[in-house]
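Q: Below: one structure in C-alpha cells.
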Amino acid sequence: MKIVFTAKGTGLDSAMDPRFGRTEFFVIYDEESESIDSYDNRAIENEAHGAGPKTAQKLAEYGVQVLITGNGPGNNAARVLQAAGTKVYVGAGDMTVREALEAYKKGELKEF
Amino acid sequence: MKIAIASGKGGTGKTTLSTNLASYIAESRDCVLADLDVEEPNSGLFIKGELIHVEDKFKMIPEWNRETCELCGNCQKVCNFNAVLKMGKMIMVFPELCHGCYACSELCPTGSLPMKFKKMGELKSYRTGNLHFIESRLIIGEEQAVPLIKQTIDYVNENFDMEMIKIYDSPPGTSCPVIEATKDADLVILVTEPTPFGLHDLKLAVETVKQLGKPFVVVINRHGIGNDGVERYCKEDDIEIIARVPNDRLIAETYARGDLLYPVIPSVKEAVKVISGYIESFKRGEK
Ligand code: SF4
Ligand code: SF4
C-alpha cells in the first residue's frame with residue numbers, strides 16, 4: 001500500500017506541510033518495499049485557481065491509497081480524492097513525516 | 001450617473017460612506033444603492049427597507065455526458081481554471097471554479113459538455129422612501145464574484161433611469177471583482193484612512209483606477225488619527241481630497257448599533273453633504 005504525506009521536504013524527517021492543495025512536496029511511502037519517493041509540487045504556486053483538485057489528480061496518478069495531511073482538502077479536492085478511492089487522514093500538520101507515519105500506524109489520526 | 005465607492009482593502013469605512021451618502025441623497029431625490037460586495041454584502045445592516053423583488057442569478061457551467069464522451073482529455077487541457085479534470089474514466093466539473101467561458105464545451109469533439117444553468121446567487125431589491133437598495137449575495141461555496149457583480153450592474157442599468165444617482169458599494173481589494181464593479185462607473189470615490197497602511201492600500205487602489213482610466217477622488221475617513229502621509233501623497237500626485245470624516249467615538253458606537261451616522265453626528269452629515277454636492281457638480285460637468 002502507498003501512503004502519501006504533504007511535506008515541506010522530501011524525506012522522513014521533513015516537517016509536514018499542513019496544506020493540501022498548495023503543499024510544497026509529497027513524500028510517498030511504499031509499505032511493501034519500505035521505500036520512499038517524493039514529488040515536488042511547488043509548480044502549483046503558478047496556479048491561481050483550483051490548486052486542490054489539480055493536486056488531488058496528481059496523487060491519483062501515483063496510485064496512492066492513503067493521504068496524510070494537516071488541515072484536510074477543500075471540497076473540490078475531496079471530491080477528486082473520493083473518486084480516486086483515496087482515504088484521507090488529518091491533524092498531522094505539526095509533526096514530521098516520520099511521526100505522522102507512526103501516529104497513523106497507531107491509529108491516532110482522524111479520518112477526514 | 002454611477003459612483004463607485006471603493007478602497008484598497010476592507011474596513012476603511014466604505015460601506016459606512018455608501019449607506020450614509022445614499023440615504024442622505026435619497027432625502028431629496030431618487031437614489032440607488034447597490035451592494036456589489038457579493039461575497040459579504042453588509043450594506044443591508046444599515047438600510048431597512050421593504051423587500052420588493054427577489055430573483056435567482058445563474059451562470060452557465062458544462063455538464064458531462066458520460067454516454068458520448070470519448071475520454072480524449074481535451075476539456076481538461078483547454079480549461080485555464082482547473083475547473084474540469086479527467087479522473088480515470090470520468091470527467092469531473094467543479095462548478096465553483098468554472099468561469100463559464102464555454103471553451104471546454106465548444107472544443108469537445110463529441111459535444112459531451114453542453115452548458116447548463118447553475119444558480120450562483122440571489123439578488124434582492126428593497127425600497128425605503130426614495131432609496132432603492134439592491135443587494136446580491138453569492139451562495140455558499142461559490143467562488144466567482146465577477147459574473148454576479150456584472151449581472152447586478154445590468155439589473156440596475158435596466159431598471160433605473162440613466163440620470164438617477166447610483167452608488168455602488170464595491171468589493172474590497174484591487175483584483176477582478178473591484179475592477180468589474182468600478183469599470184462601469186462615471187466617478188470613483190476612494191475611501192482611505194490617514195495611516196501608513198491606508199496609504200499603502202490607497203496607492204494600489206489609485207493604480208487600479210488609473211488603469212481603468214476613471215476619474216477619481218479621495219475621501220479620508222477617521223481623519224485625525226495616524227499621520228499626514230495620505231495628505232502629502234494626494235498633494236504630490238494632484239489627487240483631490242473631497243472630504244475628511246473626523247475620527248469620533250460616537251461613530252463607532254452608532255455604527256455598532258447598525259444605525260446610520262449622519263442623522264446623529266453633525267460632522268458626518270457635513271461630509272456627506274459636501275460629497276453629495278461634489279457629485280452634483282460633477283454630474284453637471286463642472287468638475
Ligand atoms: S473533450 Fe469531450 S470527449 Fe474529450 S474527454 Fe472531454 S468531455 Fe470527453
Ligand atoms: S466553461 Fe471554461 S472555465 Fe468552465 S470548465 Fe469549461 S473551460 Fe473551464
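Residues in the C-alpha cells are named by chain (A, B, ... in the order shown) and by number from 1 within that chain; ligands are numbered from 1 in the order shown.
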When the cut-off is 12 Å and we count only C-alpha atoms, which residues of chain A are near chain B, given as a ChimeraX atom specification?
A: /A:44,46-61,63,74-85
Q: For segment 232-244 of chain B, find every residue with an atom within 6 Å (counting only C-alpha atoms), except residues of its own chain fewer than 3 positions away, and show them as JSON, numbers by chain.
A: {"B": [217, 218, 219, 220, 221, 223, 229, 271]}
Q: Neighbours of ligand 1 at 8 Å or closer, counting only C-alpha atoms and all ligand atoms: which residues, as JSON, numbers by chain?
A: {"B": [64, 65, 66, 68, 69, 70, 71, 72, 73, 74, 75, 76, 86, 91, 104, 105, 107, 108, 109, 110, 111, 112, 113]}
Q: With N, CA, C and O atoms kept, could you save the residues just selected as an mmCIF file, in the first residue's frame?
A:
data_model
loop_
_atom_site.group_PDB
_atom_site.id
_atom_site.type_symbol
_atom_site.label_atom_id
_atom_site.label_comp_id
_atom_site.auth_asym_id
_atom_site.auth_seq_id
_atom_site.Cartn_x
_atom_site.Cartn_y
_atom_site.Cartn_z
ATOM 1 N N TRP B 64 -21.348 17.095 -17.887
ATOM 2 C CA TRP B 64 -20.710 15.992 -18.612
ATOM 3 C C TRP B 64 -21.710 14.928 -19.026
ATOM 4 O O TRP B 64 -22.529 14.488 -18.217
ATOM 5 N N ASN B 65 -21.623 14.515 -20.269
ATOM 6 C CA ASN B 65 -22.445 13.411 -20.755
ATOM 7 C C ASN B 65 -21.562 12.170 -20.933
ATOM 8 O O ASN B 65 -20.798 12.057 -21.879
ATOM 9 N N ARG B 66 -21.692 11.278 -19.996
ATOM 10 C CA ARG B 66 -20.861 10.072 -19.932
ATOM 11 C C ARG B 66 -21.060 9.181 -21.177
ATOM 12 O O ARG B 66 -20.125 8.540 -21.635
ATOM 13 N N THR B 68 -21.614 9.826 -24.373
ATOM 14 C CA THR B 68 -20.990 10.155 -25.649
ATOM 15 C C THR B 68 -19.507 10.494 -25.529
ATOM 16 O O THR B 68 -18.796 10.588 -26.521
ATOM 17 N N CYS B 69 -19.009 10.705 -24.303
ATOM 18 C CA CYS B 69 -17.618 11.123 -24.092
ATOM 19 C C CYS B 69 -16.644 10.036 -24.522
ATOM 20 O O CYS B 69 -16.843 8.862 -24.248
ATOM 21 N N GLU B 70 -15.595 10.464 -25.214
ATOM 22 C CA GLU B 70 -14.575 9.504 -25.658
ATOM 23 C C GLU B 70 -13.317 9.563 -24.799
ATOM 24 O O GLU B 70 -12.292 8.991 -25.138
ATOM 25 N N LEU B 71 -13.366 10.340 -23.719
ATOM 26 C CA LEU B 71 -12.251 10.435 -22.775
ATOM 27 C C LEU B 71 -10.943 10.885 -23.426
ATOM 28 O O LEU B 71 -9.867 10.412 -23.073
ATOM 29 N N CYS B 72 -11.051 11.820 -24.351
ATOM 30 C CA CYS B 72 -9.841 12.303 -25.030
ATOM 31 C C CYS B 72 -9.043 13.264 -24.152
ATOM 32 O O CYS B 72 -7.867 13.510 -24.383
ATOM 33 N N GLY B 73 -9.693 13.826 -23.122
ATOM 34 C CA GLY B 73 -8.979 14.712 -22.199
ATOM 35 C C GLY B 73 -8.800 16.132 -22.697
ATOM 36 O O GLY B 73 -8.151 16.946 -22.045
ATOM 37 N N ASN B 74 -9.379 16.445 -23.822
ATOM 38 C CA ASN B 74 -9.213 17.787 -24.384
ATOM 39 C C ASN B 74 -9.778 18.878 -23.465
ATOM 40 O O ASN B 74 -9.190 19.950 -23.316
ATOM 41 N N CYS B 75 -10.898 18.593 -22.834
ATOM 42 C CA CYS B 75 -11.562 19.582 -21.979
ATOM 43 C C CYS B 75 -10.614 20.050 -20.877
ATOM 44 O O CYS B 75 -10.490 21.239 -20.602
ATOM 45 N N GLN B 76 -9.944 19.098 -20.258
ATOM 46 C CA GLN B 76 -9.006 19.438 -19.188
ATOM 47 C C GLN B 76 -7.887 20.331 -19.706
ATOM 48 O O GLN B 76 -7.455 21.262 -19.033
ATOM 49 N N LYS B 86 -9.952 15.281 -15.805
ATOM 50 C CA LYS B 86 -10.197 13.890 -16.185
ATOM 51 C C LYS B 86 -9.632 13.005 -15.094
ATOM 52 O O LYS B 86 -8.464 13.094 -14.740
ATOM 53 N N ILE B 91 -15.036 12.371 -16.129
ATOM 54 C CA ILE B 91 -14.731 13.803 -16.242
ATOM 55 C C ILE B 91 -15.437 14.497 -15.087
ATOM 56 O O ILE B 91 -16.647 14.331 -14.913
ATOM 57 N N CYS B 104 -14.290 24.490 -22.939
ATOM 58 C CA CYS B 104 -14.350 23.019 -22.931
ATOM 59 C C CYS B 104 -15.548 22.541 -23.740
ATOM 60 O O CYS B 104 -15.471 21.563 -24.479
ATOM 61 N N SER B 105 -16.663 23.249 -23.578
ATOM 62 C CA SER B 105 -17.898 22.845 -24.229
ATOM 63 C C SER B 105 -17.765 22.914 -25.757
ATOM 64 O O SER B 105 -18.105 21.975 -26.473
ATOM 65 N N LEU B 107 -14.993 23.073 -27.531
ATOM 66 C CA LEU B 107 -13.877 22.319 -28.108
ATOM 67 C C LEU B 107 -13.954 20.823 -27.853
ATOM 68 O O LEU B 107 -13.055 20.074 -28.216
ATOM 69 N N CYS B 108 -15.027 20.401 -27.252
ATOM 70 C CA CYS B 108 -15.196 18.953 -27.063
ATOM 71 C C CYS B 108 -15.576 18.333 -28.401
ATOM 72 O O CYS B 108 -16.574 18.726 -29.003
ATOM 73 N N PRO B 109 -14.796 17.366 -28.888
ATOM 74 C CA PRO B 109 -15.058 16.822 -30.223
ATOM 75 C C PRO B 109 -16.389 16.073 -30.329
ATOM 76 O O PRO B 109 -16.926 15.919 -31.420
ATOM 77 N N THR B 110 -16.918 15.615 -29.208
ATOM 78 C CA THR B 110 -18.153 14.833 -29.283
ATOM 79 C C THR B 110 -19.358 15.571 -28.705
ATOM 80 O O THR B 110 -20.424 14.994 -28.530
ATOM 81 N N GLY B 111 -19.178 16.835 -28.352
ATOM 82 C CA GLY B 111 -20.295 17.608 -27.781
ATOM 83 C C GLY B 111 -20.783 17.046 -26.463
ATOM 84 O O GLY B 111 -21.978 17.087 -26.161
ATOM 85 N N SER B 112 -19.867 16.548 -25.672
ATOM 86 C CA SER B 112 -20.280 15.887 -24.425
ATOM 87 C C SER B 112 -20.296 16.808 -23.210
ATOM 88 O O SER B 112 -20.462 16.331 -22.093
ATOM 89 N N LEU B 113 -20.082 18.101 -23.424
ATOM 90 C CA LEU B 113 -20.114 19.029 -22.294
ATOM 91 C C LEU B 113 -21.056 20.209 -22.586
ATOM 92 O O LEU B 113 -20.626 21.359 -22.649
#
Q: Set the distance at 10 Å and use only C-alpha atoms: which residues neighbour Asp248 of chain B once local chain neighbours fewer than 3 positions away are removed? I'd like the list as a list in words.
A: Arg222, His223, Gly224, Val245, Ile251, Ala252, Glu253, Ile265, Ser267 and Val268 of chain B
Q: When you look at Leu202 of chain B with a cut-off of 9 Å (counting only C-alpha atoms), what residues show up, excluding the ones that are within fewer than 5 positions of it in the same chain? I need them as a list in words.
A: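 Residues near the query, excluding close chain neighbours: Ser7, Gly8, Lys9, Leu190, Val191, Thr192, Glu193, Phe197, Glu207, Val218 and Val230 of chain B.
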Q: Store the residues picked out above, limited to all heavy atoms, as a PDB file, in the first residue's frame.
A:
ATOM      1  N   SER B   7     -12.142  50.950  -2.018  1.00  0.00           N
ATOM      2  CA  SER B   7     -10.950  51.158  -1.202  1.00  0.00           C
ATOM      3  C   SER B   7     -10.019  49.985  -1.448  1.00  0.00           C
ATOM      4  O   SER B   7     -10.445  48.942  -1.913  1.00  0.00           O
ATOM      5  CB  SER B   7     -11.309  51.256   0.285  1.00  0.00           C
ATOM      6  OG  SER B   7     -11.813  50.028   0.727  1.00  0.00           O
ATOM      7  N   GLY B   8      -8.750  50.183  -1.140  1.00  0.00           N
ATOM      8  CA  GLY B   8      -7.771  49.122  -1.395  1.00  0.00           C
ATOM      9  C   GLY B   8      -8.001  47.879  -0.569  1.00  0.00           C
ATOM     10  O   GLY B   8      -7.659  46.790  -0.957  1.00  0.00           O
ATOM     11  N   LYS B   9      -8.588  48.065   0.597  1.00  0.00           N
ATOM     12  CA  LYS B   9      -8.897  46.894   1.410  1.00  0.00           C
ATOM     13  C   LYS B   9     -10.199  47.117   2.159  1.00  0.00           C
ATOM     14  O   LYS B   9     -10.784  48.200   2.089  1.00  0.00           O
ATOM     15  CB  LYS B   9      -7.765  46.618   2.386  1.00  0.00           C
ATOM     16  CG  LYS B   9      -7.619  47.691   3.452  1.00  0.00           C
ATOM     17  CD  LYS B   9      -6.684  47.213   4.533  1.00  0.00           C
ATOM     18  CE  LYS B   9      -6.366  48.269   5.543  1.00  0.00           C
ATOM     19  NZ  LYS B   9      -7.338  48.621   6.523  1.00  0.00           N
ATOM     20  N   LEU B 190     -12.495  56.928  -3.676  1.00  0.00           N
ATOM     21  CA  LEU B 190     -11.654  56.011  -2.914  1.00  0.00           C
ATOM     22  C   LEU B 190     -11.663  56.421  -1.449  1.00  0.00           C
ATOM     23  O   LEU B 190     -11.369  57.571  -1.123  1.00  0.00           O
ATOM     24  CB  LEU B 190     -10.222  56.037  -3.450  1.00  0.00           C
ATOM     25  CG  LEU B 190     -10.049  55.541  -4.889  1.00  0.00           C
ATOM     26  CD1 LEU B 190      -8.623  55.757  -5.358  1.00  0.00           C
ATOM     27  CD2 LEU B 190     -10.436  54.070  -5.010  1.00  0.00           C
ATOM     28  N   VAL B 191     -12.009  55.490  -0.595  1.00  0.00           N
ATOM     29  CA  VAL B 191     -12.050  55.775   0.842  1.00  0.00           C
ATOM     30  C   VAL B 191     -10.778  55.235   1.471  1.00  0.00           C
ATOM     31  O   VAL B 191     -10.374  54.108   1.205  1.00  0.00           O
ATOM     32  CB  VAL B 191     -13.267  55.094   1.504  1.00  0.00           C
ATOM     33  CG1 VAL B 191     -13.404  55.552   2.950  1.00  0.00           C
ATOM     34  CG2 VAL B 191     -14.527  55.403   0.739  1.00  0.00           C
ATOM     35  N   THR B 192     -10.146  56.075   2.298  1.00  0.00           N
ATOM     36  CA  THR B 192      -8.908  55.624   2.920  1.00  0.00           C
ATOM     37  C   THR B 192      -8.802  56.145   4.343  1.00  0.00           C
ATOM     38  O   THR B 192      -9.581  57.000   4.763  1.00  0.00           O
ATOM     39  CB  THR B 192      -7.688  56.089   2.099  1.00  0.00           C
ATOM     40  OG1 THR B 192      -6.511  55.482   2.642  1.00  0.00           O
ATOM     41  CG2 THR B 192      -7.525  57.598   2.142  1.00  0.00           C
ATOM     42  N   GLU B 193      -7.828  55.625   5.064  1.00  0.00           N
ATOM     43  CA  GLU B 193      -7.536  56.119   6.407  1.00  0.00           C
ATOM     44  C   GLU B 193      -6.152  56.754   6.403  1.00  0.00           C
ATOM     45  O   GLU B 193      -5.267  56.288   5.688  1.00  0.00           O
ATOM     46  CB  GLU B 193      -7.562  54.958   7.415  1.00  0.00           C
ATOM     47  CG  GLU B 193      -8.954  54.492   7.715  1.00  0.00           C
ATOM     48  CD  GLU B 193      -8.983  53.361   8.737  1.00  0.00           C
ATOM     49  OE1 GLU B 193      -7.910  52.872   9.144  1.00  0.00           O
ATOM     50  OE2 GLU B 193     -10.081  52.974   9.118  1.00  0.00           O
ATOM     51  N   PHE B 197      -0.717  52.137   6.567  1.00  0.00           N
ATOM     52  CA  PHE B 197      -1.420  51.035   5.887  1.00  0.00           C
ATOM     53  C   PHE B 197      -2.432  51.586   4.891  1.00  0.00           C
ATOM     54  O   PHE B 197      -2.544  51.120   3.766  1.00  0.00           O
ATOM     55  CB  PHE B 197      -2.160  50.151   6.894  1.00  0.00           C
ATOM     56  CG  PHE B 197      -1.255  49.291   7.703  1.00  0.00           C
ATOM     57  CD1 PHE B 197      -1.249  49.383   9.086  1.00  0.00           C
ATOM     58  CD2 PHE B 197      -0.401  48.377   7.092  1.00  0.00           C
ATOM     59  CE1 PHE B 197      -0.396  48.601   9.852  1.00  0.00           C
ATOM     60  CE2 PHE B 197       0.438  47.588   7.843  1.00  0.00           C
ATOM     61  CZ  PHE B 197       0.447  47.697   9.229  1.00  0.00           C
ATOM     62  N   GLU B 207      -3.611  53.005  -8.538  1.00  0.00           N
ATOM     63  CA  GLU B 207      -3.084  52.317  -9.722  1.00  0.00           C
ATOM     64  C   GLU B 207      -4.209  51.661 -10.518  1.00  0.00           C
ATOM     65  O   GLU B 207      -4.286  51.774 -11.739  1.00  0.00           O
ATOM     66  CB  GLU B 207      -2.089  51.217  -9.301  1.00  0.00           C
ATOM     67  CG  GLU B 207      -0.694  51.720  -9.019  1.00  0.00           C
ATOM     68  CD  GLU B 207      -0.209  52.667 -10.097  1.00  0.00           C
ATOM     69  OE1 GLU B 207      -0.211  52.263 -11.273  1.00  0.00           O
ATOM     70  OE2 GLU B 207       0.128  53.820  -9.761  1.00  0.00           O
ATOM     71  N   VAL B 218     -10.671  61.318  -3.526  1.00  0.00           N
ATOM     72  CA  VAL B 218     -10.428  60.597  -2.277  1.00  0.00           C
ATOM     73  C   VAL B 218     -11.269  61.177  -1.143  1.00  0.00           C
ATOM     74  O   VAL B 218     -11.492  62.385  -1.073  1.00  0.00           O
ATOM     75  CB  VAL B 218      -8.917  60.668  -1.922  1.00  0.00           C
ATOM     76  CG1 VAL B 218      -8.657  60.258  -0.482  1.00  0.00           C
ATOM     77  CG2 VAL B 218      -8.109  59.805  -2.884  1.00  0.00           C
ATOM     78  N   VAL B 230      -1.042  60.425   3.783  1.00  0.00           N
ATOM     79  CA  VAL B 230      -2.050  60.384   2.725  1.00  0.00           C
ATOM     80  C   VAL B 230      -2.230  61.783   2.118  1.00  0.00           C
ATOM     81  O   VAL B 230      -2.287  61.955   0.900  1.00  0.00           O
ATOM     82  CB  VAL B 230      -3.393  59.826   3.262  1.00  0.00           C
ATOM     83  CG1 VAL B 230      -4.511  60.034   2.255  1.00  0.00           C
ATOM     84  CG2 VAL B 230      -3.264  58.344   3.598  1.00  0.00           C
TER      85      VAL B 230
END
Q: Residues at most 9 Å from segment 35-40 of chain B, counting only C-alpha atoms, excluding those fewer than 6 positions away in the same chain, as a list in words?
A: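 Here the answer would be Thr15, Ser18, Gly121, Phe133, Ile134, Glu135, Ser136, Arg137, Leu138, Ile139, Ile140, Glu142, Glu143, Ala145, Val146, Leu148, Ile149, Thr152, Ile153, Ile167, Tyr168, Asp169, Ser170, Pro171, Pro172, Pro177, Val178 and Ala181 of chain B.
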Q: Using only C-alpha atoms and all ligand atoms, pick whichever of B:Met60, B:Leu51, B:Ala6, B:Leu33 has the shortest atom-to-atom distance to ligand 2.
A: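 Ranking B:Met60, B:Leu51, B:Ala6, B:Leu33 by distance to ligand 2, first place goes to B:Met60.
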Q: Would you list the contacts of Gly72 of chain A as a list in words, taking every protein, DNA or RNA residue within 9 Å and counting only C-alpha atoms, but skipping same-chain residues closer than 5 positions in sequence?
A: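 Final neighbour list, sorted by chain and number: Pro18, Arg19, Phe20, Ala78, Val88, Tyr89, Val90, Gly91 and Phe112 of chain A.
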Q: Write out as a PyMOL selection string the set of residues from segment 72-286 of chain B that DSSP, computed on the backbone, places in strand (DSSP E or B).
A: chain B and resi 84-87+90-93+115-128+131-138+165-169+187-192+216-223+225+241-246
